[in-house]
Amino acid sequence: MPLLSNLASFLRRLLRRQQTERELDEEVRSHLELLIDEKMKEGMKPAEARRAAQLELGGVEQVKEEVRAVRAGAWLDTLIQDIRFGLRMLRKNPGFTTVAVLTLALGIGANTAIFSVVNAVLLRPLPFRDSGQLMMIWHTPPQKSFPGIPRFVVSPANYLDWRSQNDVFKNMAAVGFAPINVTGTGEPESVLSTKVSADFFSVLQVRPEMGRAFLADDDQPGHGNVVILTNAFWRSHFDADRNVLGKSIRLDDQPYIIIGVMPAEFSFPLQAKLAIPLAWTDKERTVRGNHNLLVIARLKPGVDQQQAQAEMDTISSRLAQQYPADDAGWGAAVVPFHDFVGGSVRAALLLLLGAVVFVLLIACTNVANLTLAKALGRRKEIAIRTVVGASRSRIMRQVLSESVLLSLVGGTLGLLLAQFLVSSIAAFLAPQLPMSVTIGLDGWVLAFTLTISVLTGIGAGLAPSWHLAKANLNASLKQASGKSDSDLSGARSAFVVAEVALSFLLLIGAGLTIRTLYLLRSVNPGFNPHNVLTVPLAVSQTKYASSEQQRAFFDSVLEGVRTIPGVDAAGAVDALPFQGGSTQPVIAEGQPVVPMADQPEVAVRVITPGYLHAMSIPLLQGRGLGEADKVGSPPAILVSEAFANRFWPHDNPIGKHVTLTFSNVSSREVVGIVGDVKINGLDVIQPIEMVYEAMDQNERIPAMVLSVHTSLSPVRLISAVADVVHHVDPEEPVVGAATMDTVLDQSLAKQQLSMTLLGAFAGLALLLAMVGVYGVEAYAVRQQVREIGIRMALGAQRHDIFQLVVGKGLKLTLLGIVIGLVVALEVTRFMISQLYGLSPTDLVTFAGVAILLISVALLACYVPARRATQIDPAEALRYE
Amino acid sequence: MSPQQTNLLQGTLDLVILKALALEQMHGLGISRRIDQMTKGTFRVKPGSLFPALHRMQDAGWLSSTWGESDNNRRAKYYRLTKAGRRQLEAETERWGRISLAIARALEAC
């Protein structure tokens, strides 16, 4: 009953707020009048009676406030009042409001943006049914042959054995990749295709939007000429034609029937454009030593990752015994599919998330500081409110709702900012991810933003509200408005110290990343990337069926390219540095003959004459590969310096023999030693053992990358090179030409992203800290005009005053730096995986950041200090 | 917020207000003087406690109010018991009886 009645009263009051207030006022006043009447009846004089009555009543406003406090729904009432009042205060102080809202918008916006990326890439389940059951299965290679490489792709025969022998996975799919030439749909082009086993679609539980998925029949040799397109490819090449099913498309010069189109939100692994069946022949099914597949599997319900791992361990050891030549030492690792998607950027994203949290803390501190400064001016107002009946908790609530209000406005603005930031980060990040994910603002992100906005608001308002609420009432009322108060300025100084410390940490993080990138850029890659144009060319293996035909194609293209004016060297390689490439077991002369699984693995590159010259890879000893190294002439090979040092540290390598186990050629004679080249990333310090064989002495050469050295700007050669290629074969796609400098830059893209964002966030932190220091100093000078005036009247020189002001700011800054330093020494070690060539306590970075922060603090103090020296003593003494 | 959860003092205040209004409708000052008289000056209810209590009890549906004229022609707000208020008075009286008996027994037991 009372509950219903309470609700009714509350609603009634909500609708008739003014009347309720008027009635309350009238009631209390009539009570006062009745009291006066009573006192006068007792014989008091009117004035005396009024005073006695007022004393007994205890203040009209207080009584009213107490009534309001107990009324049904009073808290909501108060909240509405607080918000109204808060809005009025914010409107009345546009300067303060603008600075605070912008500060918060930057802090909250940065957090929202990074959180949306983290959410999309690391947190949100992948858009597949029961995506938690999806696992990747990798090989773990023998560490003797593959030192430091934890995971490896899988060979066909091993995949087939895993699939048939396990009892933990519902199904298991193999996924391979190959560039494929598309002709007959406009310009010929080379796109990345994925070759998948028929159960790929049932493992992921995805289905084409149009048409059908692959069936077991499609996965048989001779039946595999069917293709499923991504939505994007369908749109770009078939204008989203709904009658595309059943049409034919030429891939590597073979007709394929289009049987399906995937939904728009789906992407194939490695963002391949189209999928065709693996359709292995019986011979291909027995390949155990050649690793080239990703394996994706779905756990049976009720089976977890550990159980699956145990099962795979058993199968692996069985295979190792059964096929020691291929499988000895090869294990399997079961990892969640989600890690495959986000794993490569995880560390960088978490680092950025840490950075933006710091930015938000600084923003929060700054707003707390501003609010506190403003609070000094409001002490009288607050005191009056207290006198007329506002309780301490009421005042706290009022100040808090003001700062939460600020923060919500800032958060809204931050969302807009985040929208912009997210789209640029997503554009940057997308090529780094092995599967495309939708990065954007969703319900979780909005909830996150709302939560941090409210928390930030409370965080920023807590200290000021507490200070105001406990402020001594009498002291405040007596005080001339806005006189300095050591207690409050102490709190403000503490805030500045905290801000400086936080910015120091962020700047250290950014500094270490920037130094890393700088050091990486100055690493000698072993070749000269400048003035080199690279052009990937892949020939169709049906059109150019024999290796003679393939060789003839590349030879004529290179011959033509060398005649282009400005070209001074041109060659080709099967894989450029930083773009993967083959690793094979080898037997070097003089080494014990061991089974293939125990043979050392080295990088193997196929090159044409002219490649080493175009890339400026130095020949250290012997001769390079030339036109004479052909089919029929004695097989020749070049080895890298690291290779020579590993296998023949004391002998002359020239004239020794190397056998590539996968090759049909029995052994090749070493004719030259070339310099080491970084091929797996500039941050790999260990030199890589490599061999180079001649294209003319190799069996399969379906795809090569031209590298052309020129004295001109390399990009200007692209059309001339394309003309040469089309002169040889008009159907050959020329796509993806890039300068070697670009290829090198792309290998640093992840570090570049971290550096750009961390740098931006650190810059923001620095700016906010500068505003913080400036605010405190400027305020202090305004408060101390009298004191400074007296000092000057007593003979202080201008530079004394200048030093006084600057000295105080500097003291706070130094304290902040010291605290930041102590914390930084502890936390930067979490960055080790992101650093190259320097320690996480790099002296150069630490010293540089400290100097930067001190200079910025000096700059921030300069203006207030100048103002202090310009105070006129005579005027200052009159100043109140 | 529920009236059932009122502490002892507030419960007592509610009870004496309900009791004061048991016979006739009264304005705030009247209630306060009536309590004074009923308790022979032991209970002096200040306006700062009285008015919040009156409003709270009205919200709970125990009291209703109308504006009227006082003896000396002043406009004043008069409170009277509703049916629910009367039931609450009975319940509170009974409860108070039990509590005071229990306390008395507890004190005698020593």
# chains A, B, ... in the order shown; residues from 1 in each chain; ligands from 1

$ residues_around --residues "Val154 (chain A)" --least-positions-apart "3" --cutoff "12 Å" --atoms "only C-alpha atoms" --output "PyMOL selection string"
chain A and resi 136-141+151+157-162+173-176+287-296+326-327+330-333

$ interface_residues --of "chain A" --to "chain B" --cutoff "12 Å" --atoms "only C-alpha atoms" --output "PyMOL selection string"
chain A and resi 1-13+20+23-38+41+53-75+389

$ atom_distance --atom1 "CA of Ala113 (chain A)" --atom2 "CA of Gly354 (chain A)"
12.8 Å

$ residues_around --residues "Phe554 (chain A)" --least-positions-apart "6" --cutoff "12 Å" --atoms "only C-alpha atoms" --output "MDAnalysis selection string"
chainID A and resid 535:539 544 547:548 560:561 570:574 607:609 695:696 701:706 724:725 728:729 732

$ write_last_selection --atoms "C-alpha atoms" --output "tab-separated table (two decimals), in the first residue's frame"
chain	number	residue	atom	x	y	z
A	535	VAL	CA	57.20	-6.35	-60.22
A	536	PRO	CA	55.63	-9.71	-59.32
A	537	LEU	CA	54.88	-11.91	-62.34
A	538	ALA	CA	53.18	-15.30	-62.15
A	539	VAL	CA	52.71	-17.35	-65.31
A	544	TYR	CA	53.30	-22.26	-69.97
A	547	SER	CA	59.80	-25.13	-67.57
A	548	GLU	CA	61.41	-24.28	-70.90
A	560	GLY	CA	63.13	-6.30	-72.89
A	561	VAL	CA	63.32	-4.57	-69.49
A	570	ALA	CA	67.47	-6.15	-63.96
A	571	GLY	CA	66.95	-9.65	-62.60
A	572	ALA	CA	64.33	-11.80	-60.95
A	573	VAL	CA	63.91	-13.81	-57.76
A	574	ASP	CA	61.20	-16.23	-56.62
A	607	ILE	CA	67.42	-16.08	-59.18
A	608	THR	CA	68.32	-14.97	-62.67
A	609	PRO	CA	71.59	-13.30	-63.55
A	695	MET	CA	66.48	-20.13	-62.60
A	696	ASP	CA	67.85	-21.80	-65.73
A	701	ILE	CA	59.47	-21.50	-61.91
A	702	PRO	CA	55.83	-20.46	-62.01
A	703	ALA	CA	56.24	-17.11	-60.27
A	704	MET	CA	59.11	-14.64	-60.11
A	705	VAL	CA	59.50	-11.05	-58.98
A	706	LEU	CA	61.41	-8.74	-61.27
A	724	VAL	CA	57.48	-4.96	-72.12
A	725	VAL	CA	55.51	-7.72	-70.32
A	728	VAL	CA	55.73	-10.76	-74.58
A	729	ASP	CA	52.24	-11.88	-73.48
A	732	GLU	CA	49.95	-11.53	-68.42

$ select_by_dssp --residues "region 208-279 of chain A" --states "strand (DSSP E or B)" --output "NGL selection string"
:A and (210-211 or 226-229 or 248-251 or 254-261 or 274-277)

$ closest_residue --among "A:Ser344, A:Gln697, A:Ser616, A:Thr371" --to "Phe527 (chain A)" --atoms "only C-alpha atoms"
A:Ser616

$ closest_residue --among "A:Leu794, A:Ala510, A:Leu810, A:Ala275" --to "Ala178 (chain A)" --atoms "only C-alpha atoms"
A:Ala275

$ select_by_dssp --residues "region 729-805 of chain A" --states "helix (DSSP H, G or I)" --output "ChimeraX atom specification"
/A:740-747,749-783,785-793,798-805

$ residues_around --residues "Met596 (chain A)" --least-positions-apart "5" --cutoff "12 Å" --atoms "only C-alpha atoms" --output "list in words"
Pro142, Lys144, Ser145, Arg288, Gly289, Asn290, Tyr323, Pro324, Ala325, Asp326, Asp327, Ala328, Gly329, Trp330, Gln584, Pro585, Val586, Ile587, Glu601, Thr659, Leu660, Thr661 and Phe662 of chain A

$ residues_around --residues "Ile35 (chain B)" --least-positions-apart "6" --cutoff "9 Å" --atoms "only C-alpha atoms" --output "list in words"
Val16, Ile17, Lys19, Ala20, Gly41, Thr42, Phe43, Arg44 and Val45 of chain B

$ write_last_selection --atoms "N, CA and C atoms" --output "PDB file, in the first residue's frame"
ATOM      1  N   VAL B  16       3.172   8.944  17.718  1.00  0.00           N
ATOM      2  CA  VAL B  16       2.539  10.051  18.461  1.00  0.00           C
ATOM      3  C   VAL B  16       1.797  11.000  17.529  1.00  0.00           C
ATOM      4  N   ILE B  17       2.323  11.166  16.301  1.00  0.00           N
ATOM      5  CA  ILE B  17       1.596  12.024  15.346  1.00  0.00           C
ATOM      6  C   ILE B  17       0.252  11.382  14.991  1.00  0.00           C
ATOM      7  N   LYS B  19      -1.411   9.337  16.761  1.00  0.00           N
ATOM      8  CA  LYS B  19      -2.257   9.407  17.956  1.00  0.00           C
ATOM      9  C   LYS B  19      -2.865  10.807  18.101  1.00  0.00           C
ATOM     10  N   ALA B  20      -2.015  11.821  17.877  1.00  0.00           N
ATOM     11  CA  ALA B  20      -2.477  13.202  18.014  1.00  0.00           C
ATOM     12  C   ALA B  20      -3.617  13.503  17.057  1.00  0.00           C
ATOM     13  N   GLY B  41       4.956  17.423  28.013  1.00  0.00           N
ATOM     14  CA  GLY B  41       6.201  18.158  27.747  1.00  0.00           C
ATOM     15  C   GLY B  41       7.430  17.282  27.520  1.00  0.00           C
ATOM     16  N   THR B  42       7.271  15.939  27.580  1.00  0.00           N
ATOM     17  CA  THR B  42       8.443  15.078  27.355  1.00  0.00           C
ATOM     18  C   THR B  42       8.904  15.147  25.913  1.00  0.00           C
ATOM     19  N   PHE B  43       7.943  15.160  25.009  1.00  0.00           N
ATOM     20  CA  PHE B  43       8.231  15.184  23.571  1.00  0.00           C
ATOM     21  C   PHE B  43       8.031  16.584  23.045  1.00  0.00           C
ATOM     22  N   ARG B  44       9.108  17.217  22.617  1.00  0.00           N
ATOM     23  CA  ARG B  44       8.943  18.495  21.926  1.00  0.00           C
ATOM     24  C   ARG B  44       9.367  18.291  20.491  1.00  0.00           C
ATOM     25  N   VAL B  45       8.395  18.276  19.599  1.00  0.00           N
ATOM     26  CA  VAL B  45       8.717  18.009  18.198  1.00  0.00           C
ATOM     27  C   VAL B  45       9.007  19.316  17.494  1.00  0.00           C
TER      28      VAL B  45
END

$ residues_around --residues "region 92-101 of chain B" --least-positions-apart "6" --cutoff "10 Å" --atoms "only C-alpha atoms" --output "PDB file with C-alpha atoms, in the first residue's frame"
ATOM      1  CA  LEU B   8      12.647   3.202  16.877  1.00  0.00           C
ATOM      2  CA  GLY B  11       8.531   4.936  14.628  1.00  0.00           C
ATOM      3  CA  THR B  12       7.763   6.619  17.895  1.00  0.00           C
ATOM      4  CA  ASP B  14       5.003   8.497  13.670  1.00  0.00           C
ATOM      5  CA  LEU B  15       2.995   6.870  16.426  1.00  0.00           C
ATOM      6  CA  VAL B  16       2.539  10.051  18.461  1.00  0.00           C
ATOM      7  CA  LEU B  18      -0.971   9.389  14.387  1.00  0.00           C
ATOM      8  CA  LYS B  19      -2.257   9.407  17.956  1.00  0.00           C
ATOM      9  CA  ARG B  86      -6.077   4.503  11.274  1.00  0.00           C
ATOM     10  CA  LEU B 107      14.707  -4.666  32.623  1.00  0.00           C
TER      11      LEU B 107
END

$ residues_around --residues "region 417-423 of chain A" --least-positions-apart "2" --cutoff "12 Å" --atoms "only C-alpha atoms" --output "ChimeraX atom specification"
/A:102,104-120,410-415,425-430,438-442,445-446,449,757,760
